[in-house]
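Undergrad: The following file, input.tsv, comprises TSV, C-alpha atoms:
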chain	number	residue	atom	x	y	z
A	191	MET	CA	0.00	0.00	0.00
A	192	TYR	CA	2.85	2.35	0.86
A	193	ASN	CA	4.41	2.06	-2.60
A	194	GLY	CA	1.03	2.58	-4.19
A	195	ASP	CA	0.47	5.70	-2.13
A	196	VAL	CA	3.85	7.05	-3.23
A	197	LEU	CA	3.02	6.41	-6.88
A	198	LEU	CA	-0.38	8.08	-6.51
A	199	ALA	CA	1.29	11.08	-4.85
A	200	THR	CA	3.99	11.47	-7.50
A	201	LYS	CA	1.67	11.11	-10.51
A	202	PRO	CA	-0.02	14.54	-10.09
A	203	LYS	CA	3.40	16.11	-9.55
A	204	ARG	CA	4.72	14.59	-12.80
A	205	ASN	CA	1.60	15.66	-14.67
A	206	LYS	CA	2.10	19.19	-13.38
A	207	GLN	CA	5.75	19.13	-14.53
A	208	TYR	CA	4.79	17.88	-18.00
A	209	ARG	CA	2.06	20.50	-18.24
A	210	GLY	CA	4.45	23.25	-17.19
A	211	PHE	CA	7.05	21.98	-19.69
A	212	ALA	CA	4.50	22.04	-22.51
A	213	LEU	CA	3.26	25.49	-21.50
A	214	GLY	CA	6.83	26.82	-21.55
A	215	ILE	CA	7.37	25.59	-25.10
A	216	ALA	CA	3.93	26.86	-26.12
A	217	LEU	CA	4.73	30.33	-24.76
A	218	THR	CA	7.93	30.55	-26.82
A	219	LEU	CA	5.96	29.40	-29.89
A	220	ILE	CA	3.30	32.07	-29.35
A	221	ILE	CA	6.00	34.74	-29.01
A	222	ALA	CA	7.80	33.46	-32.13
A	223	VAL	CA	4.58	33.57	-34.17
A	224	ALA	CA	3.78	37.07	-32.88
A	225	ALA	CA	7.32	38.16	-33.79
A	226	LYS	CA	6.88	36.73	-37.30
A	227	LEU	CA	3.66	38.70	-37.78
A	228	LEU	CA	5.15	41.91	-36.39
A	229	ALA	CA	8.22	41.50	-38.62
A	230	GLY	CA	5.89	41.82	-41.60
A	231	LEU	CA	5.10	45.42	-40.69
A	232	PRO	CA	7.01	48.17	-42.58
A	233	PHE	CA	9.37	49.53	-39.90
A	234	LEU	CA	9.61	46.35	-37.82
A	235	SER	CA	10.77	44.38	-40.87
A	236	ILE	CA	14.15	46.07	-40.40
A	237	MET	CA	14.48	44.45	-36.98
A	238	GLY	CA	13.46	40.99	-38.15
A	239	GLN	CA	11.72	38.11	-36.39
A	240	LEU	CA	14.64	37.09	-34.17
A	241	VAL	CA	15.20	40.54	-32.69
A	242	ILE	CA	11.50	41.07	-32.06
A	243	ALA	CA	11.16	37.64	-30.40
A	244	ILE	CA	13.92	38.31	-27.88
A	245	LEU	CA	12.56	41.80	-27.11
A	246	ILE	CA	9.04	40.42	-26.54
A	247	GLY	CA	10.51	37.78	-24.23
A	248	ILE	CA	12.35	40.43	-22.19
A	249	ALA	CA	9.23	42.61	-22.02
A	250	TRP	CA	7.05	39.62	-21.03
A	251	ARG	CA	9.28	38.77	-18.08
A	252	ALA	CA	9.44	42.42	-16.97
A	253	THR	CA	5.67	42.94	-17.07
A	254	ILE	CA	3.91	39.58	-16.63
A	255	GLY	CA	6.65	37.42	-15.17
A	256	VAL	CA	7.63	33.79	-15.83
A	257	PRO	CA	6.25	31.10	-13.47
A	258	GLN	CA	8.92	28.70	-12.25
A	259	GLU	CA	7.01	25.63	-13.46
A	260	ILE	CA	7.32	26.63	-17.14
A	261	VAL	CA	11.06	27.44	-17.04
A	262	ALA	CA	12.02	23.88	-18.08
A	263	GLY	CA	9.99	24.35	-21.28
A	264	THR	CA	11.41	27.78	-22.09
A	265	ASN	CA	14.93	26.43	-21.48
A	266	PHE	CA	14.22	23.51	-23.83
A	267	SER	CA	13.36	26.02	-26.56
A	268	SER	CA	16.43	28.18	-25.89
A	269	LYS	CA	18.81	25.20	-26.00
A	270	LYS	CA	17.51	22.14	-27.87
A	271	LEU	CA	15.25	23.81	-30.42
A	272	LEU	CA	17.96	26.38	-31.06
A	273	ARG	CA	20.39	23.72	-32.26
A	274	LEU	CA	17.81	22.14	-34.54
A	275	GLY	CA	17.00	25.57	-35.98
A	276	ILE	CA	20.64	26.32	-36.73
A	277	ILE	CA	21.05	22.96	-38.49
A	278	LEU	CA	17.98	23.58	-40.67
A	279	LEU	CA	19.15	27.13	-41.42
A	280	GLY	CA	21.82	25.51	-43.59
A	281	MET	CA	19.09	25.26	-46.24
A	282	ARG	CA	19.52	29.00	-46.75
A	283	LEU	CA	23.12	28.62	-47.88
A	284	ASP	CA	24.16	27.48	-51.34
A	285	LEU	CA	27.92	27.01	-51.25
A	286	MET	CA	28.09	27.37	-55.04
A	287	ASP	CA	26.85	30.98	-54.76
A	288	ILE	CA	29.95	31.73	-52.70
A	289	VAL	CA	32.17	30.09	-55.31
A	290	ARG	CA	30.50	32.05	-58.11
A	291	ALA	CA	30.89	35.33	-56.22
A	292	GLY	CA	34.65	35.02	-56.65
A	293	PRO	CA	37.74	35.19	-54.45
A	294	LYS	CA	37.51	38.94	-53.82
A	295	VAL	CA	34.18	38.58	-52.01
A	296	PHE	CA	35.53	35.67	-49.97
A	297	MET	CA	38.66	37.62	-49.04
A	298	MET	CA	36.50	40.58	-48.01
A	299	ALA	CA	34.47	38.32	-45.72
A	300	VAL	CA	37.62	36.90	-44.11
A	301	ILE	CA	39.18	40.35	-43.58
A	302	VAL	CA	35.95	41.75	-42.16
A	303	ILE	CA	35.52	38.87	-39.69
A	304	VAL	CA	39.14	38.87	-38.47
A	305	PHE	CA	39.18	42.66	-38.11
A	306	THR	CA	35.84	42.90	-36.33
A	307	LEU	CA	36.49	39.99	-33.96
A	308	SER	CA	39.79	41.55	-32.92
A	309	VAL	CA	38.56	45.14	-32.59
A	310	VAL	CA	35.24	44.50	-30.84
A	311	TYR	CA	36.68	41.93	-28.45
A	312	GLY	CA	39.59	44.30	-27.71
A	313	LEU	CA	37.12	47.10	-26.97
A	314	THR	CA	35.07	44.90	-24.63
A	315	ARG	CA	38.23	44.06	-22.68
A	316	LEU	CA	39.11	47.77	-22.56
A	317	PHE	CA	35.61	48.55	-21.24
A	318	LYS	CA	35.90	45.70	-18.71
A	319	VAL	CA	33.03	43.67	-20.15
A	320	ASP	CA	32.86	40.06	-18.98
A	321	LYS	CA	35.03	37.88	-21.26
A	322	ARG	CA	32.21	35.62	-22.44
A	323	LEU	CA	29.87	38.50	-23.20
A	324	GLY	CA	32.74	40.23	-25.02
A	325	ILE	CA	33.27	37.20	-27.25
A	326	LEU	CA	29.56	36.96	-28.03
A	327	THR	CA	29.34	40.66	-28.89
A	328	ALA	CA	32.37	40.38	-31.17
A	329	CYS	CA	31.06	37.27	-32.95
A	330	GLY	CA	27.58	38.71	-33.42
A	331	THR	CA	28.99	41.92	-34.90
A	332	ALA	CA	31.52	40.14	-37.10
A	333	ILE	CA	29.55	37.19	-38.49
A	334	CYS	CA	25.76	37.03	-38.48
A	335	GLY	CA	24.15	38.79	-35.56
A	336	ALA	CA	22.00	36.95	-33.05
A	337	ALA	CA	22.37	33.60	-34.85
A	338	ALA	CA	26.16	33.77	-34.37
A	339	VAL	CA	25.76	34.69	-30.71
A	340	VAL	CA	23.57	31.70	-29.92
A	341	ALA	CA	25.76	29.39	-32.02
A	342	ILE	CA	28.99	30.44	-30.27
A	343	ALA	CA	27.51	30.51	-26.74
A	344	PRO	CA	27.77	26.74	-26.09
A	345	GLN	CA	31.40	26.78	-27.24
A	346	ILE	CA	32.38	29.20	-24.46
A	347	LYS	CA	29.86	27.94	-21.87
A	348	ALA	CA	28.10	31.30	-21.77
A	349	LYS	CA	25.20	31.80	-19.36
A	350	ASP	CA	21.70	32.19	-20.77
A	351	GLU	CA	21.63	35.77	-19.51
A	352	GLU	CA	24.89	36.59	-21.31
A	353	THR	CA	23.64	34.95	-24.50
A	354	ALA	CA	20.37	36.87	-24.44
A	355	ILE	CA	22.06	40.20	-23.72
A	356	GLY	CA	24.67	39.62	-26.44
A	357	ALA	CA	22.00	38.71	-29.01
A	358	ALA	CA	19.80	41.69	-28.12
A	359	MET	CA	22.67	44.20	-28.16
A	360	VAL	CA	23.95	43.09	-31.56
A	361	ALA	CA	20.44	43.00	-32.99
A	362	ILE	CA	19.69	46.56	-31.84
A	363	LEU	CA	23.02	47.75	-33.25
A	364	GLY	CA	22.24	46.19	-36.60
A	365	THR	CA	18.87	47.92	-36.70
A	366	ILE	CA	20.47	51.32	-36.04
A	367	PHE	CA	23.05	50.84	-38.79
A	368	THR	CA	20.43	49.55	-41.23
A	369	LEU	CA	18.51	52.80	-40.85
A	370	ALA	CA	21.74	54.79	-41.26
A	371	TYR	CA	22.67	52.90	-44.46
A	372	THR	CA	19.24	53.58	-45.96
A	373	PHE	CA	19.77	57.33	-45.54
A	374	LEU	CA	23.41	57.19	-46.69
A	375	PHE	CA	22.72	55.18	-49.89
A	376	PRO	CA	22.25	58.23	-52.18
A	377	VAL	CA	25.53	59.86	-51.06
A	378	LEU	CA	27.88	56.87	-50.94
A	379	GLY	CA	28.51	56.94	-54.68
A	380	LEU	CA	28.46	53.14	-55.06
A	381	SER	CA	26.96	51.13	-57.90
A	382	ASP	CA	24.02	48.86	-57.06
A	383	ASN	CA	26.33	45.83	-56.91
A	384	GLY	CA	28.94	47.74	-54.92
A	385	TYR	CA	26.35	48.91	-52.42
A	386	GLY	CA	25.03	45.35	-52.06
A	387	ILE	CA	28.54	44.07	-51.36
A	388	PHE	CA	29.09	46.87	-48.83
A	389	ALA	CA	25.81	46.11	-47.00
A	390	GLY	CA	26.38	42.33	-47.02
A	391	ALA	CA	29.94	42.68	-45.74
A	392	THR	CA	29.18	45.02	-42.85
A	393	LEU	CA	25.66	44.51	-41.46
A	394	HIS	CA	24.68	42.03	-38.79
A	395	GLU	CA	21.49	40.04	-39.51
A	396	ILE	CA	20.16	38.71	-42.82
A	397	ALA	CA	17.07	40.88	-42.22
A	398	HIS	CA	19.31	43.93	-41.80
A	399	VAL	CA	21.18	43.19	-45.01
A	400	ILE	CA	18.02	42.76	-47.09
A	401	ALA	CA	16.37	45.89	-45.64
A	402	ALA	CA	19.47	48.06	-46.11
A	403	ALA	CA	20.17	46.82	-49.66
A	404	ASP	CA	16.60	47.33	-50.86
A	405	PRO	CA	17.13	50.96	-52.03
A	406	GLY	CA	19.68	49.61	-54.52
A	407	GLY	CA	17.12	47.31	-56.14
A	408	SER	CA	17.04	43.54	-56.67
A	409	ALA	CA	20.66	43.39	-57.94
A	410	ALA	CA	21.90	45.01	-54.72
A	411	VAL	CA	19.77	42.70	-52.55
A	412	ASP	CA	20.95	39.54	-54.36
A	413	MET	CA	24.60	40.52	-54.06
A	414	ALA	CA	24.19	41.58	-50.43
A	415	VAL	CA	22.68	38.22	-49.49
A	416	ILE	CA	25.48	36.29	-51.24
A	417	VAL	CA	28.17	38.31	-49.41
A	418	LYS	CA	26.30	37.93	-46.12
A	419	LEU	CA	25.96	34.17	-46.55
A	420	THR	CA	29.70	33.98	-47.23
A	421	ARG	CA	30.19	35.42	-43.74
A	422	VAL	CA	27.61	32.96	-42.38
A	423	ALA	CA	29.56	30.04	-43.89
A	424	LEU	CA	32.66	31.17	-42.00
A	425	LEU	CA	30.74	30.70	-38.73
A	426	VAL	CA	31.77	27.03	-38.81
A	427	PRO	CA	35.58	27.45	-38.62
A	428	VAL	CA	35.23	30.43	-36.27
A	429	ALA	CA	33.06	28.41	-33.86
A	430	ILE	CA	35.57	25.53	-33.82
A	431	LEU	CA	38.57	27.85	-33.31
A	432	ILE	CA	36.83	29.76	-30.52
A	433	GLY	CA	35.87	26.49	-28.86
A	434	ILE	CA	39.50	25.32	-28.90
A	435	TRP	CA	40.74	28.67	-27.58
A	436	SER	CA	38.08	28.78	-24.86
A	437	SER	CA	38.92	25.24	-23.78
A	438	ARG	CA	42.61	26.12	-23.42
A	439	GLU	CA	41.80	29.29	-21.49
A	440	SER	CA	39.58	27.33	-19.11
A	441	ARG	CA	42.34	24.80	-18.45
A	442	LYS	CA	44.85	27.59	-17.78
A	443	GLU	CA	42.50	29.25	-15.32
A	444	ALA	CA	42.01	25.90	-13.59
A	445	GLY	CA	45.79	25.55	-13.24
A	446	ALA	CA	46.23	22.84	-15.85
A	447	ASP	CA	49.22	22.76	-18.16
A	448	ALA	CA	47.82	23.40	-21.63
A	449	ARG	CA	50.90	21.91	-23.24
A	450	THR	CA	50.89	18.60	-21.44
A	451	GLU	CA	47.25	17.99	-20.68
A	452	LYS	CA	45.50	16.03	-23.37
A	453	ALA	CA	42.43	18.05	-24.23
A	454	LYS	CA	39.33	17.20	-26.16
A	455	VAL	CA	38.72	19.46	-29.11
A	456	PRO	CA	35.17	20.82	-28.75
A	457	ILE	CA	33.15	19.84	-31.81
A	458	PRO	CA	29.94	21.84	-32.19
A	459	TRP	CA	27.87	19.07	-33.80
A	460	PHE	CA	24.99	21.42	-34.61
A	461	ILE	CA	27.37	23.77	-36.50
A	462	LEU	CA	28.69	20.81	-38.46
A	463	GLY	CA	25.06	19.84	-39.08
A	464	PHE	CA	24.50	23.34	-40.48
A	465	LEU	CA	27.43	22.82	-42.86
A	466	LEU	CA	26.19	19.37	-43.95
A	467	VAL	CA	22.70	20.70	-44.67
A	468	SER	CA	24.28	23.57	-46.63
A	469	GLY	CA	26.31	21.08	-48.66
A	470	PHE	CA	23.20	18.99	-49.33
A	471	ASN	CA	21.28	22.08	-50.43
A	472	SER	CA	24.16	23.02	-52.75
A	473	LEU	CA	23.60	19.80	-54.72
A	474	GLY	CA	20.34	21.24	-56.05
A	475	ILE	CA	18.33	18.15	-55.10
A	476	VAL	CA	15.86	19.97	-52.83
A	477	PRO	CA	13.25	22.03	-54.73
A	478	GLU	CA	13.56	25.74	-54.05
A	479	GLN	CA	10.04	25.99	-52.62
A	480	ILE	CA	10.62	23.17	-50.12
A	481	ALA	CA	13.99	24.67	-49.13
A	482	GLY	CA	12.16	27.95	-48.51
A	483	TYR	CA	9.68	26.25	-46.18
A	484	ILE	CA	12.53	24.60	-44.27
A	485	VAL	CA	14.24	28.00	-43.83
A	486	ILE	CA	10.97	29.46	-42.50
A	487	ALA	CA	10.75	26.56	-40.02
A	488	ALA	CA	14.39	27.13	-39.03
A	489	TYR	CA	13.75	30.79	-38.30
A	490	MET	CA	10.65	29.86	-36.29
A	491	LEU	CA	12.69	27.44	-34.14
A	492	ILE	CA	15.46	30.02	-33.63
A	493	ALA	CA	12.82	32.66	-32.82
A	494	MET	CA	11.40	30.30	-30.18
A	495	ALA	CA	14.92	30.01	-28.78
A	496	MET	CA	15.27	33.80	-28.77
A	497	ALA	CA	11.96	34.07	-26.92
A	498	GLY	CA	13.21	31.55	-24.36
A	499	LEU	CA	16.40	33.55	-23.88
A	500	GLY	CA	14.47	36.79	-23.53
A	501	LEU	CA	12.23	35.23	-20.88
A	502	ASN	CA	15.40	34.57	-18.85
A	503	VAL	CA	16.67	38.17	-18.93
A	504	ASP	CA	16.28	40.44	-15.94
A	505	LEU	CA	16.13	44.10	-17.05
A	506	VAL	CA	18.36	45.18	-14.17
A	507	SER	CA	21.08	42.80	-15.39
A	508	PHE	CA	20.40	43.90	-18.96
A	509	ARG	CA	21.16	47.51	-18.09
A	510	ARG	CA	24.12	46.57	-15.90
A	511	LEU	CA	25.84	44.25	-18.38
A	512	GLY	CA	24.56	45.47	-21.72
A	513	MET	CA	25.57	49.11	-21.92
A	514	LYS	CA	29.34	48.55	-22.06
A	515	SER	CA	29.02	45.76	-24.61
A	516	PHE	CA	26.70	47.99	-26.64
A	517	ALA	CA	29.31	50.78	-26.61
A	518	ALA	CA	32.01	48.35	-27.79
A	519	GLY	CA	29.76	47.00	-30.51
A	520	PHE	CA	28.74	50.49	-31.62
A	521	ILE	CA	32.33	51.71	-32.02
A	522	GLY	CA	33.29	48.41	-33.66
A	523	SER	CA	30.36	48.67	-36.11
A	524	ILE	CA	31.43	52.18	-37.16
A	525	LEU	CA	34.96	50.93	-37.81
A	526	LEU	CA	33.55	47.89	-39.65
A	527	SER	CA	31.50	50.16	-41.92
A	528	LEU	CA	34.55	52.28	-42.72
A	529	LEU	CA	36.62	49.17	-43.41
A	530	GLY	CA	33.92	47.70	-45.65
A	531	PHE	CA	33.62	50.90	-47.65
A	532	GLY	CA	37.39	50.98	-48.11
A	533	LEU	CA	37.54	47.32	-49.14
A	534	VAL	CA	34.79	47.74	-51.76
A	535	HIS	CA	36.93	50.46	-53.38
A	536	GLY	CA	40.23	48.66	-52.74
A	537	PHE	CA	39.06	45.46	-54.45
A	538	GLY	CA	37.58	47.41	-57.36
A	539	LEU	CA	34.01	46.37	-56.56
A	540	ALA	CA	32.51	49.83	-56.10
Just give me the structure of the file as structure tokens.
TA:
Amino acid sequence: MYNGDVLLATKPKRNKQYRGFALGIALTLIIAVAAKLLAGLPFLSIMGQLVIAILIGIAWRATIGVPQEIVAGTNFSSKKLLRLGIILLGMRLDLMDIVRAGPKVFMMAVIVIVFTLSVVYGLTRLFKVDKRLGILTACGTAICGAAAVVAIAPQIKAKDEETAIGAAMVAILGTIFTLAYTFLFPVLGLSDNGYGIFAGATLHEIAHVIAAADPGGSAAVDMAVIVKLTRVALLVPVAILIGIWSSRESRKEAGADARTEKAKVPIPWFILGFLLVSGFNSLGIVPEQIAGYIVIAAYMLIAMAMAGLGLNVDLVSFRRLGMKSFAAGFIGSILLSLLGFGLVHGFGLA
């Protein structure tokens, strides 16, 4: 009888846990869908679904609050669904487009990423930003915005709060610079292709790149997306290198001898999955319409992850940790824009 009583007592508790888990996932889905709808509006389209999702999550926690029983579900979205979304996002990338764009575009992407990683991370150290948040800010600015932040975070064992703040800061920066580019387009003196290359090489999110390139017409948008996706492709080697570096730093801080201790090289399986899906898409087997649906699903999953991250952010911490990283990212983004403009002229692509 005793064992039966225990089972009867634990069953309602488990049911409550499962219900809370499901409600947590459902909440992130509702926020992701709302973000998708809001991103269809004229001004909000500049921000994009991912940015809006994380901001709604932050606002939800600040105003309504997040019950403890649903946290397991929101965490599932911010971790597990995130990885699946990144893998499926590989359907957006056709590696042959990068090859066709030519070596100059690839070299521009490499220079931009190396420069921005170094400068922004250096600025975050100067401003005494936490090391992990500094790395996330640098990667988001250099590679592909919020998607890069959440992809790099597991490699450096970043906290959910740091990941959410890093993603939000970079996303807001990208929105500011997108608006600035739209106003600067008539005075930059670049051809449509040149302007597309400039936007794709220097802006943060795919949504930012498309919105900023739009004044240059379809040719500018197409070129901007190709250049941007070249930077996205470089997320794979950057994530692996940062993981190796972070692992060595952690061992040094723990007092281990990095030269003698046999270390495991961190392999971000979901990043490799992204690359494999990209390679598969490059074969041309998947119809374009189906690939488009998969990309929409990928963004929905990543938006759910962003919502989950936002629901974990305390506004007090956001203000305390985010302002210095924002300043570093802002200065770094200005320097990135100047570098990109110079490279477009230097490589004869203006």
Undergrad: Would you mind reading off the distance between atom CA of Trp459 of chain A and atom CA of Ala328 of chain A, one decimal, in Å?
TA: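 Taking atom CA of Trp459 of chain A and atom CA of Ala328 of chain A, their separation equals 21.9 Å.
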Undergrad: Point out the residue among A:Ile486, A:Ala518, A:Ala497, A:Ile221 with the least atom-to-atom distance to Met281 of chain A, counting all atoms listed in the file.
TA: A:Ile486
Undergrad: So which residues touch Gly519 of chain A within 10 Å, counting only C-alpha atoms, skipping near sequence neighbours fewer than 4 positions away, as a list in words?
TA: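 Within the cut-off, the hits are Thr306, Val309, Val310, Tyr311, Leu313, Thr314, Gly324, Thr327, Ala328, Gly330, Thr331, Ala332, Gly356, Met359, Val360, Leu363, Gly364, Met513, Lys514, Ser515, Ser523, Ile524, Leu525 and Leu526 of chain A.
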Undergrad: Quick one: everything within 7 Å of Leu419 of chain A, counting only C-alpha atoms, minus sequence neighbours fewer than 4 positions away in the same chain. Send it as JSON, numbers by chain.
TA: {"A": [283, 415, 423]}
Undergrad: Is there a way to get, as a VMD selection string, all residues within 8 Å of the point (18.3, 26.0, -45.2) in file coordinates, counting all atoms listed in the file?
TA: chain A and resid 277 to 283 467 to 468 471 481 to 482 484 to 485 488
Undergrad: Hey, which bits of segment 422-517 of chain A sit within 7 Å of segment 230-248 of chain A, and for each residue what's the closest pair of atoms and how far apart in Å (one decimal), counting only C-alpha atoms, rows by chain and increasing number, as a tab-separated table?
TA:
residue	atom	partner	partner_atom	distance
A:Ala493	CA	A:Leu240	CA	5.0
A:Met496	CA	A:Ile244	CA	4.8
A:Ala497	CA	A:Ile244	CA	4.8
A:Gly498	CA	A:Gly247	CA	6.8
A:Leu499	CA	A:Ile244	CA	6.7
A:Gly500	CA	A:Gly247	CA	4.1
A:Leu501	CA	A:Gly247	CA	4.5
A:Val503	CA	A:Ile248	CA	5.9
Undergrad: Between A:Leu473, A:Ala495, A:Ile480, A:Ala229, which has the minimum distance to Phe266 of chain A (counting only C-alpha atoms)?
TA: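 Under the stated criterion, the closest residue is A:Ala495.
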Undergrad: Kindly indicate which residue among A:Ala540, A:Ala389, A:Ile254, A:Leu378 lies nearest to Ala403 of chain A, using only C-alpha atoms for the distances.
TA: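 Looking only at the distances to Ala403 of chain A, the closest residue turns out to be A:Ala389.
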Undergrad: Contacts of Gly384 of chain A at 8 Å or less, counting only C-alpha atoms, minus same-chain residues fewer than 5 places along, as a ChimeraX atom specification?
TA: /A:410,534,539-540
Undergrad: Include C-alpha atoms and write out the residues we just selected as a compact mmCIF listing (two decimals), in the coordinates of the input.
TA:
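The new file again_1.txt reads:
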# COMPACT_ATOMS: atom_id res chain seq x y z
CA ALA A 410 21.90 45.01 -54.72
CA VAL A 534 34.79 47.74 -51.76
CA LEU A 539 34.01 46.37 -56.56
CA ALA A 540 32.51 49.83 -56.10
Undergrad: In terms of the shortest atom-to-atom distance over only C-alpha atoms, which of A:Asp284, A:Gly263, A:Ala348, A:Tyr371 is closest to Gly469 of chain A?
TA: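 Counting only C-alpha atoms, the residue closest to Gly469 of chain A is A:Asp284.
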Undergrad: Please measure the separation of atom CA of Phe388 of chain A and atom CA of Phe531 of chain A, giving the value in Å to one decimal.
TA: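 Interatomic distance here is 6.2 Å.
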Undergrad: Report the distance between atom CA of Gly522 of chain A and atom CA of Ala336 of chain A in Å, rounded to one decimal place.
TA: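 Interatomic distance here is 16.1 Å.
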Undergrad: If we count all atoms listed in the file, what is near Leu511 of chain A at a cut-off of 9 Å, once residues fewer than 3 positions away on the same chain are taken out, given as a list in words?
TA: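 So the residues in contact are Val319, Asp320, Leu323, Glu352, Ile355, Val506, Ser507, Phe508, Lys514 and Ser515 of chain A.
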Undergrad: Taking into account all atoms listed in the file, which residue in the set A:Ala262, A:Val411, A:Ile432, A:Leu307 is nearest to Gln207 of chain A?
TA: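 Once distances to Gln207 of chain A are computed over all atoms listed in the file, the minimum belongs to A:Ala262.
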Undergrad: Would you list the contacts of Ile387 of chain A as a list of chain:residue names, taking every protein, DNA or RNA residue within 7 Å and counting only C-alpha atoms, but skipping same-chain residues closer than 2 positions in sequence?
TA: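 Non-adjacent residues within range: A:Asn383, A:Gly384, A:Tyr385, A:Ala389, A:Gly390, A:Ala391, A:Met413, A:Ala414, A:Val417.
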Undergrad: With C-alpha atoms retained, export the selected residues as a PDB file, in the frame of the given file.
TA:
ATOM      1  CA  ASN A 383      26.330  45.830 -56.910  1.00  0.00           C
ATOM      2  CA  GLY A 384      28.940  47.740 -54.920  1.00  0.00           C
ATOM      3  CA  TYR A 385      26.350  48.910 -52.420  1.00  0.00           C
ATOM      4  CA  ALA A 389      25.810  46.110 -47.000  1.00  0.00           C
ATOM      5  CA  GLY A 390      26.380  42.330 -47.020  1.00  0.00           C
ATOM      6  CA  ALA A 391      29.940  42.680 -45.740  1.00  0.00           C
ATOM      7  CA  MET A 413      24.600  40.520 -54.060  1.00  0.00           C
ATOM      8  CA  ALA A 414      24.190  41.580 -50.430  1.00  0.00           C
ATOM      9  CA  VAL A 417      28.170  38.310 -49.410  1.00  0.00           C
TER      10      VAL A 417
END
Undergrad: Which residue out of A:Gly335, A:Gly538, A:Gly407, A:Pro344 has the minimum interatomic distance to His394 of chain A when only C-alpha atoms are used?
TA: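 Nearest to His394 of chain A: A:Gly335.
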